Every structure is written in structure tokens, then in C-alpha cells.
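Contents: one structure, followed by commentary.
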Amino acid sequence: MTDYQALLPDIIAVSHQAGAAIMEVYATDFDVAQKNDNSPVTEADLAAEALITPVLKALTPEFPIVAEEAASRGEVPNVDAKPFWLVDPLDGTKEFLNRNDEFTVNIGLIVDKEPVFGVIFAPALGDTYTGIVGIGATRARSGSAAEAIAVREAPFRGVTVLASRRHGDPKTLSAFLEGRPLASTKNAGSSLKFCLLAAGEADIYPRFGPTMEWDTAAGHAILRAAGGRVTTEDGSPLLYAKAPLRNPNFIAWGGLR
């Protein structure tokens, strides 16, 4: 059985190395290319993935790795029923392009179609989030020690909803929230929305728009470890190792039931 706690220091370390490589590019007038799906890719995406993949191979040679940039080139291993890694080396590339600092390095581990381990590093913000299901979740602010985080119970005054800066359907969101007291709506980029739920700073994140499994795996694991959950619109758990590796619409829940 894999000792996830033993893996954690090395995964945090490589997420920070990848983040440093990203920030080197962020400080320049970098070029932007278009992938086959018309999504943007930069030198930062490629450099971060090139650092992460060899470390994961060395730590867990038996686990396949599904990484976004390799997948965009058609390099997708057969994961079958094996544990496997999902890597988004630079989640929030459009946030990166717009220089609003809300981009992350995402590394998540899937076992039996569910995320069990996740690390997210936001290099421009200096925040590191971790989660091991059954053990707990943490957040380390820049220069500070890691502290335990957990979802909160829904406040009496109403829920705080997280929304993507660049995706979503306002009419669908409004219909979904009908009858629920709404305190406020926050916008956030990339996988930071999962992290805010896990840290008890918001209550629900409905996502009515396209995502891939590498976009959500690490954040989903951290949220689960903090006491939250992610479901499809019909209330079923959001599962992984789908073919293709595309997510349906989903709802990420903090302590709201």
C-alpha cells in the first residue's frame, strides 16, 4: 500500500520547482502558442511539466502519468484500474496570460477512480495546499508553516458561491441556487476555487462548463481531505479514468449539505 504521507515532501518540492520555472517565464515577455484544441500554451507549461513528470516516475514507477501537455500531443497512457497521476503543470493559463497571479501547479493521484492525494501550489501567491483523504488537508502561506484546513458549515446568513472568471452559465447558476440564501459570490481562477472551499472561505462551486480531469483531480482530493465533496448534477460522485478524460458539469461542495 502506498504511503501517501511519505510521498508528500517530494511532491511539494517538485511543485515548488515547477512554480519557480513558471515564475521565471512570468517575468518575461513570453510567447504564446495554440494547441490543437485552440487552448493556449506557453514555455512555462512545458517547463513545469518537464520537471514534474520525471519525479513522479522515480517516486512511483508503477503508476501511469496523465499530464496535460503530453496528453495534448496524444501521449495518454492506458490507466485501466491502476492508480495514476493527473498533472496540470500550469492550471489557469489564461490567468497567467492576463497576469492576475491566480494560476497553479496541480498534482493529483487517482485510486479506484477517486482522487485520494493532491498538491496545489500557487507560485505567484506563495500558497501551498495539500490533501490526503482520510488524513486531512493543509495550507501553507508563503514563509509560514502548514496549518490544517477544513470546510465550514454553511453560514446562517447564506452561502458564498465561487464562480470561474472565464466560464459558466449565469442562468443555470441562478436556477441551481433557487431557494438557497445567497450571501455573496466570489470570482477566482484555476483550481484555487477548490482550495477556498477546503479552507472554509466559501461554500459551493458549481461548474457548468468544460473541464478535463487534470484540471480538477488535485483540488478535488484536497477538498475531500478537508471534508468536502464533488458531485455531478444528479448528486453522483465525480469519478475519474473516464474515456475521454473529460468531466461533466459538477458541483464542488464545502460543508453545505
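Please note that chains go A, B, ... in the order of the C-alpha cells, that every chain numbers its residues from 1, and that ligands are numbered from 1 in the order shown.
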
Requested in this report: Name all residues at most 12 Å from Glu95 of chain A (count only C-alpha atoms; drop same-chain ones fewer than 3 positions away) and give them as a list in words.
Outcome: Tyr26, Pro40, Leu90, Asp91, Gly92, Asn98, Arg99, Asn100, Asp101, Glu102, Phe103, Thr104, Ala122, Ala124, Ser164, Arg165, Arg166, Ala188, Gly189, Ser190, Ser191 and Leu192 of chain A

Please dump the current selection as a PDB file, in the first residue's frame; keep C-alpha atoms.
```pdb
ATOM      1  CA  TYR A  26       6.090  35.059 -15.990  1.00  0.00           C
ATOM      2  CA  PRO A  40      -3.053  28.497 -25.198  1.00  0.00           C
ATOM      3  CA  LEU A  90       0.005  25.311 -15.183  1.00  0.00           C
ATOM      4  CA  ASP A  91      -3.688  25.459 -14.386  1.00  0.00           C
ATOM      5  CA  GLY A  92      -5.174  28.806 -15.296  1.00  0.00           C
ATOM      6  CA  ASN A  98      -3.597  38.125 -18.008  1.00  0.00           C
ATOM      7  CA  ARG A  99      -1.035  38.331 -15.177  1.00  0.00           C
ATOM      8  CA  ASN A 100      -3.567  38.233 -12.350  1.00  0.00           C
ATOM      9  CA  ASP A 101      -1.499  35.720 -10.285  1.00  0.00           C
ATOM     10  CA  GLU A 102      -4.343  33.166  -9.942  1.00  0.00           C
ATOM     11  CA  PHE A 103      -2.645  30.196 -11.579  1.00  0.00           C
ATOM     12  CA  THR A 104      -1.491  26.953 -10.014  1.00  0.00           C
ATOM     13  CA  ALA A 122       0.075  28.930  -6.442  1.00  0.00           C
ATOM     14  CA  ALA A 124       2.638  33.982  -7.621  1.00  0.00           C
ATOM     15  CA  SER A 164     -14.998  30.991 -12.558  1.00  0.00           C
ATOM     16  CA  ARG A 165     -13.690  34.223 -14.007  1.00  0.00           C
ATOM     17  CA  ARG A 166     -13.929  32.860 -17.531  1.00  0.00           C
ATOM     18  CA  ALA A 188     -11.428  33.048  -8.559  1.00  0.00           C
ATOM     19  CA  GLY A 189      -9.215  31.496 -11.207  1.00  0.00           C
ATOM     20  CA  SER A 190      -7.897  27.985 -11.713  1.00  0.00           C
ATOM     21  CA  SER A 191      -8.073  25.288  -9.030  1.00  0.00           C
ATOM     22  CA  LEU A 192      -7.959  27.918  -6.290  1.00  0.00           C
TER      23      LEU A 192
END
```

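Residues in contact range of Ala243 of chain A, defined as at most 12 Å between only C-alpha atoms, with sequence neighbours fewer than 3 positions away removed, read A:Val76, A:Pro77, A:Asn78, A:Val79, A:Asp80, A:Lys113, A:Met212, A:Glu213, A:Leu239, A:Tyr240, A:Arg246, A:Asn247, A:Pro248.
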
Requested in this report: Compile the contact shell of Pro64 of chain A as a PyMOL selection string: residues with an atom at most 12 Å away, counting only C-alpha atoms, same-chain residues fewer than 6 positions apart removed.
Outcome: chain A and resi 53-54+56-58+75-87+109-111+241

Report task. With a distance cut-off of 10 Å and only C-alpha atoms, select the neighbouring residues of Gly255 of chain A, excluding the residue or stretch itself and same-chain residues fewer than 4 positions from it, and output the selection as a list in words. Result ->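 Within the cut-off, the hits are Ala150, Val151, Arg152, Glu153, Ala154, Pro155, Leu197, Ala198, Gly200, Ala202, Asp203, Ile204, Ala226, Gly227, Gly228 and Arg229 of chain A.
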
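Each of A:Pro89, A:Gly108, A:Gly158, A:Pro206 was compared to Phe176 of chain A using only C-alpha atoms, and A:Pro206 turns out to be the nearest.
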
Query raised in the report: Quick one: DSSP strand (DSSP E or B) residues in segment 21-207 of chain A, as a PyMOL selection string?
Result: chain A and resi 32-34+40-42+65-67+84-91+104-111+114-122+127-132+136-140+147-149+159-164+182-188+204-207

Report summary line: Counting only C-alpha atoms, the residue among A:Gly209, A:Pro244, A:Glu233, A:Met23 that lies closest to Gly126 of chain A is A:Met23

Query raised in the report: Rounded to one decimal in Å, what is the spacing between atom CA of Asp215 of chain A and atom CA of Asp88 of chain A?
Result: 6.2 Å

**Report entry** Residue with smallest distance to Asp29 of chain A - pool A:Phe121, A:Ala199, A:Lys186, A:Phe96, counting only C-alpha atoms
**Finding:** A:Phe96

Query raised in the report: Can you list, as a VMD selection string, every protein, DNA or RNA residue that comes within 12 Å of Glu24 of chain A when you count only C-alpha atoms, leaving out same-chain residues fewer than 2 positions away?
Result: chain A and resid 17 to 22 26 to 30 43 to 45 47 to 48 123 to 124

**Report entry** alpha helix (DSSP H) call set, DSSP backbone run, segment 10-128 of chain A, as number ranges by chain
**Finding:** A: 10-26, 43-59, 68-72, 93-97

For C-alpha atoms, I'd like the residues from the last selection saved as a PDB file, in the first residue's frame.
```
ATOM      1  CA  ASP A  10       8.840  15.266  -2.625  1.00  0.00           C
ATOM      2  CA  ILE A  11       5.607  16.235  -4.370  1.00  0.00           C
ATOM      3  CA  ILE A  12       5.534  19.597  -2.594  1.00  0.00           C
ATOM      4  CA  ALA A  13       9.172  20.136  -3.515  1.00  0.00           C
ATOM      5  CA  VAL A  14       8.653  19.461  -7.230  1.00  0.00           C
ATOM      6  CA  SER A  15       5.522  21.642  -7.271  1.00  0.00           C
ATOM      7  CA  HIS A  16       7.692  24.471  -5.922  1.00  0.00           C
ATOM      8  CA  GLN A  17      10.390  23.777  -8.507  1.00  0.00           C
ATOM      9  CA  ALA A  18       7.776  23.863 -11.241  1.00  0.00           C
ATOM     10  CA  GLY A  19       6.399  27.068  -9.760  1.00  0.00           C
ATOM     11  CA  ALA A  20       9.838  28.665  -9.838  1.00  0.00           C
ATOM     12  CA  ALA A  21      10.200  27.755 -13.512  1.00  0.00           C
ATOM     13  CA  ILE A  22       6.771  29.247 -14.198  1.00  0.00           C
ATOM     14  CA  MET A  23       7.670  32.473 -12.425  1.00  0.00           C
ATOM     15  CA  GLU A  24      10.873  32.822 -14.476  1.00  0.00           C
ATOM     16  CA  VAL A  25       8.742  32.838 -17.623  1.00  0.00           C
ATOM     17  CA  TYR A  26       6.090  35.059 -15.990  1.00  0.00           C
ATOM     18  CA  GLU A  43       7.036  27.848 -22.312  1.00  0.00           C
ATOM     19  CA  ALA A  44       6.005  27.856 -18.651  1.00  0.00           C
ATOM     20  CA  ASP A  45       3.501  24.993 -19.134  1.00  0.00           C
ATOM     21  CA  LEU A  46       6.135  22.897 -20.872  1.00  0.00           C
ATOM     22  CA  ALA A  47       8.954  23.665 -18.431  1.00  0.00           C
ATOM     23  CA  ALA A  48       6.813  22.844 -15.398  1.00  0.00           C
ATOM     24  CA  GLU A  49       5.626  19.542 -16.836  1.00  0.00           C
ATOM     25  CA  ALA A  50       9.191  18.584 -17.772  1.00  0.00           C
ATOM     26  CA  LEU A  51      10.185  18.964 -14.124  1.00  0.00           C
ATOM     27  CA  ILE A  52       7.207  17.140 -12.603  1.00  0.00           C
ATOM     28  CA  THR A  53       6.962  14.030 -14.768  1.00  0.00           C
ATOM     29  CA  PRO A  54      10.440  12.565 -14.065  1.00  0.00           C
ATOM     30  CA  VAL A  55       9.972  12.998 -10.313  1.00  0.00           C
ATOM     31  CA  LEU A  56       6.649  11.151 -10.348  1.00  0.00           C
ATOM     32  CA  LYS A  57       8.178   8.369 -12.454  1.00  0.00           C
ATOM     33  CA  ALA A  58      11.025   7.997  -9.977  1.00  0.00           C
ATOM     34  CA  LEU A  59       8.764   8.019  -6.913  1.00  0.00           C
ATOM     35  CA  GLU A  68      -1.907  17.872 -19.828  1.00  0.00           C
ATOM     36  CA  GLU A  69       0.787  18.862 -22.299  1.00  0.00           C
ATOM     37  CA  ALA A  70       1.759  15.259 -23.069  1.00  0.00           C
ATOM     38  CA  ALA A  71      -1.940  14.436 -23.495  1.00  0.00           C
ATOM     39  CA  SER A  72      -2.305  17.313 -25.968  1.00  0.00           C
ATOM     40  CA  THR A  93      -3.034  29.557 -18.330  1.00  0.00           C
ATOM     41  CA  LYS A  94      -5.411  32.399 -19.217  1.00  0.00           C
ATOM     42  CA  GLU A  95      -4.925  33.840 -15.722  1.00  0.00           C
ATOM     43  CA  PHE A  96      -1.182  33.548 -16.370  1.00  0.00           C
ATOM     44  CA  LEU A  97      -1.569  35.382 -19.688  1.00  0.00           C
TER      45      LEU A  97
END
```

Report task. Skip Ala183 of chain A itself and residues of its chain fewer than 5 positions away, then list as an NGL selection string all residues within 8 Å of it, counting only C-alpha atoms. Result -> :A and (157-160)
